[in-house]
>>> print(open('coords.pdb').read())   # PDB, C-alpha atoms
ATOM      1  CA  MET S   8      28.868 249.748  -4.133
ATOM      2  CA  ALA S   9      29.606 251.247  -7.550
ATOM      3  CA  ARG S  10      33.082 252.821  -7.849
ATOM      4  CA  SER S  11      34.002 251.441  -4.403
ATOM      5  CA  SER S  12      37.320 249.806  -3.682
ATOM      6  CA  PRO S  13      37.516 245.977  -3.838
ATOM      7  CA  THR S  14      38.093 245.876  -0.070
ATOM      8  CA  ASP S  15      34.962 247.908   0.673
ATOM      9  CA  LYS S  16      32.844 245.648  -1.532
ATOM     10  CA  HIS S  17      34.240 242.528   0.092
ATOM     11  CA  VAL S  18      33.670 243.847   3.632
ATOM     12  CA  LEU S  19      30.096 244.870   2.824
ATOM     13  CA  VAL S  20      29.227 241.458   1.389
ATOM     14  CA  LYS S  21      30.961 239.586   4.204
ATOM     15  CA  THR S  22      29.191 241.672   6.876
ATOM     16  CA  ALA S  23      25.785 241.204   5.239
ATOM     17  CA  ARG S  24      26.309 237.422   5.193
ATOM     18  CA  SER S  25      27.949 236.776   8.567
ATOM     19  CA  VAL S  26      26.469 239.494  10.791
ATOM     20  CA  LEU S  27      23.064 240.226   9.254
ATOM     21  CA  LYS S  28      22.564 236.610   8.099
ATOM     22  CA  GLU S  29      21.352 237.783   4.716
ATOM     23  CA  VAL S  30      21.511 235.864   1.454
ATOM     24  CA  VAL S  31      23.649 238.092  -0.751
ATOM     25  CA  ALA S  32      23.819 238.307  -4.543
ATOM     26  CA  VAL S  33      26.401 240.517  -6.258
ATOM     27  CA  THR S  34      26.687 241.560  -9.887
ATOM     28  CA  GLY S  35      29.937 242.721 -11.412
ATOM     29  CA  ASP S  36      32.029 242.818 -14.544
ATOM     30  CA  GLY S  37      35.487 243.989 -13.567
ATOM     31  CA  THR S  38      38.522 242.483 -11.917
ATOM     32  CA  ASN S  39      37.880 244.666  -8.853
ATOM     33  CA  ASP S  40      34.536 242.901  -8.352
ATOM     34  CA  ALA S  41      36.113 239.439  -8.100
ATOM     35  CA  PRO S  42      36.520 239.325  -4.265
ATOM     36  CA  ALA S  43      32.896 240.373  -3.703
ATOM     37  CA  LEU S  44      31.632 237.959  -6.360
ATOM     38  CA  HIS S  45      33.516 235.102  -4.725
ATOM     39  CA  GLU S  46      32.348 236.001  -1.210
ATOM     40  CA  ALA S  47      28.661 236.362  -2.134
ATOM     41  CA  ASP S  48      26.179 233.502  -1.984
ATOM     42  CA  ILE S  49      25.452 234.087  -5.655
ATOM     43  CA  GLY S  50      27.860 235.992  -7.856
ATOM     44  CA  LEU S  51      26.606 237.120 -11.251
ATOM     45  CA  ALA S  52      29.184 238.214 -13.809
ATOM     46  CA  MET S  53      28.485 239.859 -17.131
ATOM     47  CA  GLY S  54      29.225 237.595 -20.072
ATOM     48  CA  ILE S  55      30.030 240.274 -22.650
ATOM     49  CA  ALA S  56      31.612 243.140 -20.716
ATOM     50  CA  GLY S  57      32.896 241.005 -17.848
ATOM     51  CA  THR S  58      36.552 240.135 -17.439
ATOM     52  CA  GLU S  59      37.799 236.574 -17.214
ATOM     53  CA  VAL S  60      38.704 237.063 -13.561
ATOM     54  CA  ALA S  61      35.135 238.161 -12.749
ATOM     55  CA  LYS S  62      33.659 235.208 -14.651
ATOM     56  CA  GLU S  63      35.867 232.711 -12.829
ATOM     57  CA  SER S  64      34.867 234.158  -9.442
ATOM     58  CA  ALA S  65      31.126 234.189 -10.203
ATOM     59  CA  ASP S  66      28.530 231.430  -9.879
ATOM     60  CA  VAL S  67      26.306 232.610 -12.738
ATOM     61  CA  ILE S  68      27.345 234.322 -15.975
ATOM     62  CA  VAL S  69      24.742 236.588 -17.591
ATOM     63  CA  LEU S  70      25.489 235.947 -21.256
ATOM     64  CA  ASP S  71      23.541 238.903 -22.660
ATOM     65  CA  ASP S  72      24.553 241.455 -19.961
ATOM     66  CA  ASN S  73      20.839 242.147 -19.428
ATOM     67  CA  PHE S  74      19.622 242.723 -15.885
ATOM     68  CA  ALA S  75      16.182 241.440 -16.878
ATOM     69  CA  THR S  76      17.802 238.034 -17.263
ATOM     70  CA  ILE S  77      18.608 238.099 -13.544
ATOM     71  CA  VAL S  78      14.886 238.441 -12.838
ATOM     72  CA  ASN S  79      14.237 235.311 -14.899
ATOM     73  CA  VAL S  80      16.981 233.505 -13.002
ATOM     74  CA  ALA S  81      15.362 234.439  -9.687
ATOM     75  CA  LYS S  82      11.940 233.395 -10.950
ATOM     76  CA  TRP S  83      13.150 229.999 -12.133
ATOM     77  CA  GLY S  84      15.156 229.506  -8.948
ATOM     78  CA  ARG S  85      12.082 230.135  -6.810
ATOM     79  CA  SER S  86      10.050 227.850  -9.057
ATOM     80  CA  VAL S  87      12.504 224.965  -8.626
ATOM     81  CA  TYR S  88      12.605 225.486  -4.843
ATOM     82  CA  ILE S  89       8.823 225.510  -4.483
ATOM     83  CA  ASN S  90       8.384 222.556  -6.862
ATOM     84  CA  ILE S  91      10.709 220.488  -4.691
ATOM     85  CA  GLN S  92       8.659 221.487  -1.648
ATOM     86  CA  LYS S  93       5.491 220.320  -3.412
ATOM     87  CA  PHE S  94       7.070 216.966  -4.202
ATOM     88  CA  VAL S  95       8.377 216.502  -0.648
ATOM     89  CA  GLN S  96       4.927 217.288   0.771
ATOM     90  CA  PHE S  97       3.342 214.736  -1.553
ATOM     91  CA  GLN S  98       6.034 212.124  -0.889
ATOM     92  CA  LEU S  99       5.865 212.404   2.894
ATOM     93  CA  THR S 100       2.085 212.003   2.853
ATOM     94  CA  VAL S 101       2.316 208.819   0.769
ATOM     95  CA  ASN S 102       5.095 207.403   2.946
ATOM     96  CA  ILE S 103       3.328 208.088   6.232
ATOM     97  CA  VAL S 104       0.023 206.584   5.116
ATOM     98  CA  ALA S 105       1.549 203.497   3.434
ATOM     99  CA  LEU S 106       3.807 202.767   6.404
ATOM    100  CA  MET S 107       1.143 203.268   9.074
ATOM    101  CA  ILE S 108      -1.649 201.338   7.346
ATOM    102  CA  ASN S 109       0.554 198.278   6.831
ATOM    103  CA  PHE S 110       2.157 198.511  10.280
ATOM    104  CA  ILE S 111      -1.102 198.910  12.193
ATOM    105  CA  SER S 112      -2.877 196.209  10.169
ATOM    106  CA  ALA S 113       0.017 193.763  10.579
ATOM    107  CA  CYS S 114       0.123 194.341  14.341
ATOM    108  CA  ALA S 115      -3.657 194.035  14.754
ATOM    109  CA  SER S 116      -4.542 191.207  12.358
ATOM    110  CA  GLY S 117      -1.245 189.674  11.297
ATOM    111  CA  SER S 118      -1.651 190.601   7.620
ATOM    112  CA  ALA S 119      -1.045 193.761   5.599
ATOM    113  CA  PRO S 120      -3.598 195.008   3.037
ATOM    114  CA  LEU S 121      -0.930 196.349   0.648
ATOM    115  CA  THR S 122       1.338 193.727  -0.946
ATOM    116  CA  ALA S 123       4.921 194.211  -2.108
ATOM    117  CA  VAL S 124       3.917 194.585  -5.766
ATOM    118  CA  GLN S 125       1.232 197.109  -4.874
ATOM    119  CA  LEU S 126       3.710 199.106  -2.799
ATOM    120  CA  LEU S 127       6.113 198.995  -5.743
ATOM    121  CA  TRP S 128       3.430 200.581  -7.941
ATOM    122  CA  VAL S 129       2.710 203.160  -5.251
ATOM    123  CA  ASN S 130       6.443 203.892  -5.050
ATOM    124  CA  LEU S 131       6.481 204.411  -8.819
ATOM    125  CA  ILE S 132       3.587 206.872  -8.494
ATOM    126  CA  MET S 133       5.313 208.666  -5.656
ATOM    127  CA  ASP S 134       8.886 208.882  -6.904
ATOM    128  CA  THR S 135       9.028 208.785 -10.687
ATOM    129  CA  LEU S 136       5.630 210.029 -11.834
ATOM    130  CA  GLY S 137       5.126 212.336  -8.864
ATOM    131  CA  ALA S 138       8.507 213.980  -9.375
ATOM    132  CA  LEU S 139       7.840 214.495 -13.084
ATOM    133  CA  ALA S 140       4.387 215.937 -12.427
ATOM    134  CA  LEU S 141       5.227 218.329  -9.596
ATOM    135  CA  ALA S 142       8.832 219.241 -10.413
ATOM    136  CA  THR S 143       8.025 220.378 -13.961
ATOM    137  CA  GLU S 144       5.564 223.100 -12.989
ATOM    138  CA  PRO S 145       6.564 226.266 -14.920
ATOM    139  CA  PRO S 146       7.177 229.535 -13.028
ATOM    140  CA  HIS S 147       4.574 232.293 -12.872
ATOM    141  CA  ASP S 148       4.712 236.004 -12.050
ATOM    142  CA  GLY S 149       3.199 235.464  -8.608
ATOM    143  CA  LEU S 150       6.454 233.889  -7.449
ATOM    144  CA  MET S 151       8.139 237.297  -7.495
ATOM    145  CA  GLN S 152       5.565 238.634  -5.034
ATOM    146  CA  ARG S 153       6.645 236.128  -2.384
ATOM    147  CA  PRO S 154       9.148 237.175   0.289
ATOM    148  CA  PRO S 155      12.611 235.627  -0.013
ATOM    149  CA  VAL S 156      13.412 232.494   1.967
ATOM    150  CA  GLY S 157      15.710 233.170   4.898
ATOM    151  CA  ARG S 158      18.961 231.349   5.417
ATOM    152  CA  THR S 159      17.797 229.700   8.651
ATOM    153  CA  GLU S 160      14.242 228.849   7.583
ATOM    154  CA  SER S 161      13.249 225.190   7.517
ATOM    155  CA  PHE S 162      12.748 223.567   4.119
ATOM    156  CA  ILE S 163       9.596 221.799   5.361
ATOM    157  CA  THR S 164       7.464 224.710   6.518
ATOM    158  CA  ARG S 165       4.612 224.704   9.010
ATOM    159  CA  THR S 166       2.194 225.078   6.128
ATOM    160  CA  MET S 167       3.559 221.889   4.598
ATOM    161  CA  TRP S 168       3.276 220.025   7.907
ATOM    162  CA  ARG S 169      -0.321 221.195   8.230
ATOM    163  CA  ASN S 170      -1.176 219.769   4.815
ATOM    164  CA  ILE S 171       0.777 216.560   5.407
ATOM    165  CA  ILE S 172      -0.739 215.841   8.806
ATOM    166  CA  GLY S 173      -4.287 216.726   7.741
ATOM    167  CA  GLN S 174      -4.243 214.543   4.627
ATOM    168  CA  SER S 175      -2.495 211.692   6.448
ATOM    169  CA  ILE S 176      -5.050 211.643   9.258
ATOM    170  CA  TYR S 177      -7.938 211.543   6.787
ATOM    171  CA  GLN S 178      -6.440 208.793   4.635
ATOM    172  CA  LEU S 179      -5.383 206.687   7.619
ATOM    173  CA  ALA S 180      -8.798 206.984   9.230
ATOM    174  CA  VAL S 181     -10.610 205.917   6.058
ATOM    175  CA  LEU S 182      -8.257 203.058   5.220
ATOM    176  CA  LEU S 183      -8.180 201.681   8.763
ATOM    177  CA  VAL S 184     -11.975 201.715   8.965
ATOM    178  CA  LEU S 185     -12.141 199.878   5.648
ATOM    179  CA  ASN S 186      -9.501 197.396   6.760
ATOM    180  CA  PHE S 187     -11.252 196.386   9.987
ATOM    181  CA  VAL S 188     -14.966 196.837   9.234
ATOM    182  CA  GLY S 189     -14.912 197.189   5.454
ATOM    183  CA  LYS S 190     -16.739 193.919   4.808
ATOM    184  CA  GLN S 191     -19.715 195.049   6.868
ATOM    185  CA  ILE S 192     -19.728 198.544   5.341
ATOM    186  CA  LEU S 193     -19.468 197.314   1.759
ATOM    187  CA  GLY S 194     -21.646 194.246   2.284
ATOM    188  CA  LEU S 195     -18.991 191.815   1.068
ATOM    189  CA  ARG S 196     -19.684 188.109   1.499
ATOM    190  CA  GLY S 197     -18.310 184.909   0.089
ATOM    191  CA  SER S 198     -14.922 183.307  -0.270
ATOM    192  CA  ASP S 199     -13.444 186.245  -2.192
ATOM    193  CA  ALA S 200     -14.601 188.912   0.253
ATOM    194  CA  THR S 201     -11.093 189.422   1.688
ATOM    195  CA  ALA S 202      -9.502 189.703  -1.766
ATOM    196  CA  VAL S 203     -12.140 192.215  -2.893
ATOM    197  CA  LEU S 204     -11.675 194.265   0.277
ATOM    198  CA  ASN S 205      -7.874 194.358  -0.036
ATOM    199  CA  THR S 206      -8.170 195.358  -3.696
ATOM    200  CA  PHE S 207     -10.648 198.077  -2.779
ATOM    201  CA  ILE S 208      -8.304 199.393  -0.073
ATOM    202  CA  PHE S 209      -5.421 199.433  -2.556
ATOM    203  CA  ASN S 210      -7.556 201.174  -5.174
ATOM    204  CA  THR S 211      -8.810 203.752  -2.680
ATOM    205  CA  PHE S 212      -5.284 204.411  -1.456
ATOM    206  CA  VAL S 213      -4.057 205.074  -5.001
ATOM    207  CA  PHE S 214      -6.918 207.459  -5.795
ATOM    208  CA  CYS S 215      -6.270 209.302  -2.533
ATOM    209  CA  GLN S 216      -2.734 209.906  -3.790
ATOM    210  CA  VAL S 217      -3.946 210.951  -7.246
ATOM    211  CA  PHE S 218      -6.147 213.700  -5.805
ATOM    212  CA  ASN S 219      -3.524 214.603  -3.211
ATOM    213  CA  GLU S 220      -1.041 215.052  -6.056
ATOM    214  CA  ILE S 221      -3.417 217.615  -7.545
ATOM    215  CA  ASN S 222      -3.738 219.271  -4.128
ATOM    216  CA  SER S 223       0.055 219.507  -3.897
ATOM    217  CA  ARG S 224       0.214 221.781  -6.965
ATOM    218  CA  ASP S 225      -0.110 224.729  -4.582
ATOM    219  CA  ILE S 226       0.900 224.539  -0.942
ATOM    220  CA  GLU S 227      -0.908 227.687   0.206
ATOM    221  CA  LYS S 228      -3.447 228.829  -2.406
ATOM    222  CA  ILE S 229      -6.936 227.329  -2.606
ATOM    223  CA  ASN S 230      -7.166 227.467  -6.396
ATOM    224  CA  ILE S 231      -5.097 224.424  -7.347
ATOM    225  CA  PHE S 232      -6.425 224.250 -10.924
ATOM    226  CA  ARG S 233      -4.766 227.448 -12.169
ATOM    227  CA  GLY S 234      -2.598 226.514 -15.128
ATOM    228  CA  MET S 235      -3.074 222.777 -14.597
ATOM    229  CA  PHE S 236      -4.587 222.046 -17.996
ATOM    230  CA  GLY S 237      -1.875 224.088 -19.674
ATOM    231  CA  ASN S 238       0.772 221.796 -18.207
ATOM    232  CA  TRP S 239       0.491 218.753 -20.464
ATOM    233  CA  ILE S 240       3.117 216.828 -18.478
ATOM    234  CA  PHE S 241       1.088 217.035 -15.266
ATOM    235  CA  THR S 242      -2.247 216.197 -16.870
ATOM    236  CA  GLY S 243      -0.669 213.385 -18.877
ATOM    237  CA  ILE S 244       0.860 211.811 -15.773
ATOM    238  CA  ILE S 245      -2.417 212.006 -13.855
ATOM    239  CA  ALA S 246      -4.288 210.414 -16.766
ATOM    240  CA  SER S 247      -1.667 207.686 -17.250
ATOM    241  CA  THR S 248      -1.712 206.902 -13.520
ATOM    242  CA  VAL S 249      -5.466 206.328 -13.623
ATOM    243  CA  VAL S 250      -5.211 204.206 -16.795
ATOM    244  CA  PHE S 251      -2.458 202.006 -15.374
ATOM    245  CA  GLN S 252      -4.404 201.636 -12.124
ATOM    246  CA  VAL S 253      -7.381 200.313 -14.073
ATOM    247  CA  ILE S 254      -5.133 197.859 -15.922
ATOM    248  CA  ILE S 255      -3.490 196.643 -12.701
ATOM    249  CA  VAL S 256      -6.778 196.076 -10.899
ATOM    250  CA  GLU S 257      -8.799 194.611 -13.750
ATOM    251  CA  PHE S 258      -6.240 192.644 -15.795
ATOM    252  CA  LEU S 259      -3.123 191.959 -13.683
ATOM    253  CA  GLY S 260      -4.741 190.135 -10.801
ATOM    254  CA  THR S 261      -2.236 187.291 -10.617
ATOM    255  CA  PHE S 262       0.743 189.622 -10.705
ATOM    256  CA  ALA S 263      -0.611 192.367  -8.421
ATOM    257  CA  SER S 264      -2.771 190.208  -6.085
ATOM    258  CA  THR S 265      -5.935 192.040  -7.098
ATOM    259  CA  VAL S 266      -9.410 191.054  -8.277
ATOM    260  CA  PRO S 267     -11.739 192.978 -10.608
ATOM    261  CA  LEU S 268     -14.037 195.446  -8.859
ATOM    262  CA  SER S 269     -17.618 196.383  -9.661
ATOM    263  CA  TRP S 270     -18.406 199.849 -10.988
ATOM    264  CA  GLN S 271     -19.968 200.748  -7.649
ATOM    265  CA  LEU S 272     -16.714 200.017  -5.814
ATOM    266  CA  TRP S 273     -14.740 201.941  -8.447
ATOM    267  CA  LEU S 274     -17.012 204.945  -7.992
ATOM    268  CA  PHE S 275     -16.747 204.665  -4.212
ATOM    269  CA  SER S 276     -12.925 204.609  -4.435
ATOM    270  CA  VAL S 277     -12.880 207.735  -6.591
ATOM    271  CA  LEU S 278     -15.295 209.552  -4.276
ATOM    272  CA  ILE S 279     -13.238 208.741  -1.184
ATOM    273  CA  GLY S 280     -10.125 210.054  -2.921
ATOM    274  CA  ALA S 281     -11.943 213.168  -4.140
ATOM    275  CA  VAL S 282     -12.919 214.094  -0.566
ATOM    276  CA  GLY S 283      -9.280 215.039  -0.102
ATOM    277  CA  MET S 284      -9.805 218.089  -2.329
ATOM    278  CA  PRO S 285     -12.406 219.904  -0.182
ATOM    279  CA  LEU S 286     -10.416 218.747   2.834
ATOM    280  CA  ALA S 287      -7.386 220.544   1.403
ATOM    281  CA  VAL S 288      -9.444 223.738   1.137
ATOM    282  CA  VAL S 289     -10.415 223.454   4.816
ATOM    283  CA  LEU S 290      -6.807 222.779   5.822
ATOM    284  CA  LYS S 291      -5.543 225.827   3.936
ATOM    285  CA  CYS S 292      -7.970 228.006   5.882
ATOM    286  CA  ILE S 293      -6.261 227.004   9.146
ATOM    287  CA  PRO S 294      -3.662 229.684  10.049
ATOM    288  CA  VAL S 295      -0.216 228.370  10.934
ATOM    289  CA  ASP S 296       1.947 231.497  10.706
ATOM    290  CA  THR S 297       2.875 232.650  14.198
ATOM    291  CA  LYS S 298       5.012 235.591  13.103
ATOM    292  CA  PRO S 299       3.873 239.005  14.368
ATOM    293  CA  ALA S 300       1.969 241.192  11.962
ATOM    294  CA  THR S 301       4.597 243.946  12.179
ATOM    295  CA  ALA S 302       8.022 242.404  11.816
ATOM    296  CA  LYS S 303      11.154 244.142  13.031
ATOM    297  CA  GLN S 304      13.806 245.309  10.670
ATOM    298  CA  HIS S 305      16.844 243.092  10.244
ATOM    299  CA  ASP S 306      18.989 245.543  12.205
ATOM    300  CA  GLY S 307      16.878 245.125  15.342
ATOM    301  CA  TYR S 308      15.350 248.611  15.350
ATOM    302  CA  ASP S 309      11.605 249.209  15.393
ATOM    303  CA  PRO S 310      10.191 251.491  12.701
ATOM    304  CA  LEU S 311       9.324 255.016  13.856
ATOM    305  CA  PRO S 312       5.625 255.572  14.545
ATOM    306  CA  SER S 313       3.893 257.698  11.953
ATOM    307  CA  GLY S 314       2.846 261.026  13.378
ATOM    308  CA  PRO S 315       0.496 263.720  12.118
ATOM    309  CA  ASP S 316       1.379 265.362   8.861
ATOM    310  CA  ILE S 317       2.979 268.793   9.226
ATOM    311  CA  ALA S 318       2.370 271.287   6.445
TER
END
>>> encode(input="coords.pdb", output="structure tokens")
Amino acid sequence: MARSSPTDKHVLVKTARSVLKEVVAVTGDGTNDAPALHEADIGLAMGIAGTEVAKESADVIVLDDNFATIVNVAKWGRSVYINIQKFVQFQLTVNIVALMINFISACASGSAPLTAVQLLWVNLIMDTLGALALATEPPHDGLMQRPPVGRTESFITRTMWRNIIGQSIYQLAVLLVLNFVGKQILGLRGSDATAVLNTFIFNTFVFCQVFNEINSRDIEKINIFRGMFGNWIFTGIIASTVVFQVIIVEFLGTFASTVPLSWQLWLFSVLIGAVGMPLAVVLKCIPVDTKPATAKQHDGYDPLPSGPDIA
């Protein structure tokens, strides 16, 4: 497009967006680039050499006129997009499990195992702490190896649905079994058996979300621990969630409708939650991509078959 007329640049960008359905980014510094910068999905104007007209028409101004800065912009943009996907995956799992466990239990027995205060704490884990933990993940070089996201692609991908459904089924199955036959499984007897069981269900549910939050650090890759201990915000939030959970269960019984648990029940809750981590590995081994191995070009033509080399 260099040295082209403003009309040619504008037509090329408009055709790429409307006909080819591509996401178009344009860089420019002159007044002649203004129509193309305005028409593009993302217009990047040069901050030093760029004219005022180009800057006003652009979406992003590269202050140092360095093209390497555009790479950093793309990296951070992909990081923000993927971090939001991680949070949405985590949030949907928590919502589905919390809604279904209370709904099914209320319909079957007339009472819900999770109280309003407990759901408020779970909502705090899910919204505030979960957003801080997952949305602050720094970008890494592997993001630039990913293919770009198409204009018509769904924000919640099939991979995300696979993880959401798999984790939700596991957590619902465990919590429903505990809700209906938990007293027999745990050997609970006495007048406080129901209170202990409901507290154990609440504690198990929270630890399931703690480990699922760790699983959500990477939607596709099996190694979810890469860079985790270098992110002090994430590790601090996970640690503070566990500490506050201990305080709520052991010391805020009147406020949170809980009773202190024995160390065996605490260990059992942690183990049930930790099962979600190997389950996540199994889920990520399930293929969900139905796209053909050899994709067609965007113009609809198949690539030419490679023939024998001719000297």
>>> closest_residue(input="coords.pdb", among="S:Val213, S:Pro13, S:Arg85, S:Asn238", to="S:Leu44", atoms="all atoms listed in the file")
S:Pro13
>>> residues_around(input="coords.pdb", residues="S:Ile103", least_positions_apart="3", cutoff="10 Å", atoms="all atoms listed in the file", output="list in words")
Gln98, Leu99, Thr100, Leu106, Met107, Ile108, Ile171, Ile172, Ser175, Ile176, Gln178 and Leu179 of chain S
>>> residues_around(input="coords.pdb", residues="S:Leu204", least_positions_apart="6", cutoff="10 Å", atoms="all atoms listed in the file", output="list in words")
Pro120, Leu185, Asn186, Phe187, Val188, Gly189, Lys190, Leu193, Leu195, Asn210, Thr265, Val266, Leu268 and Leu272 of chain S
>>> residues_around(input="coords.pdb", residues="S:Thr211", least_positions_apart="5", cutoff="10 Å", atoms="only C-alpha atoms", output="ChimeraX atom specification")
/S:178,181-182,185,205-206,216-217,272-280
>>> resolve_selection(input="coords.pdb", expression="the PyMOL selection byres ((chain S and resi 241) around 9)", output="PyMOL selection string")
chain S and resi 137+139-141+143-144+221+235-240+242-246
>>> resolve_selection(input="coords.pdb", expression="the PyMOL selection byres ((chain S and resi 23-40) around 8)", output="VMD selection string")
chain S and resid 12 to 13 16 19 to 22 41 to 44 47 to 53 56 to 62 157 to 158 305 to 306
>>> closest_residue(input="coords.pdb", among="S:Glu63, S:His45, S:Thr248, S:Ile111", to="S:Met133", atoms="all atoms listed in the file")
S:Thr248
>>> residues_near_point(input="coords.pdb", point="(10.0, 226.7, -13.4)", cutoff="7 Å", atoms="only C-alpha atoms", output="PDB file with C-alpha atoms, in the frame of the given file")
ATOM      1  CA  TRP S  83      13.150 229.999 -12.133  1.00  0.00           C
ATOM      2  CA  SER S  86      10.050 227.850  -9.057  1.00  0.00           C
ATOM      3  CA  VAL S  87      12.504 224.965  -8.626  1.00  0.00           C
ATOM      4  CA  THR S 143       8.025 220.378 -13.961  1.00  0.00           C
ATOM      5  CA  GLU S 144       5.564 223.100 -12.989  1.00  0.00           C
ATOM      6  CA  PRO S 145       6.564 226.266 -14.920  1.00  0.00           C
ATOM      7  CA  PRO S 146       7.177 229.535 -13.028  1.00  0.00           C
TER       8      PRO S 146
END
>>> closest_residue(input="coords.pdb", among="S:Glu220, S:Leu150, S:Ala200, S:Phe207", to="S:Val101", atoms="only C-alpha atoms")
S:Glu220
>>> atom_distance(input="coords.pdb", atom1="atom CA of S:Cys215", atom2="atom CA of S:Pro285")
12.5 Å
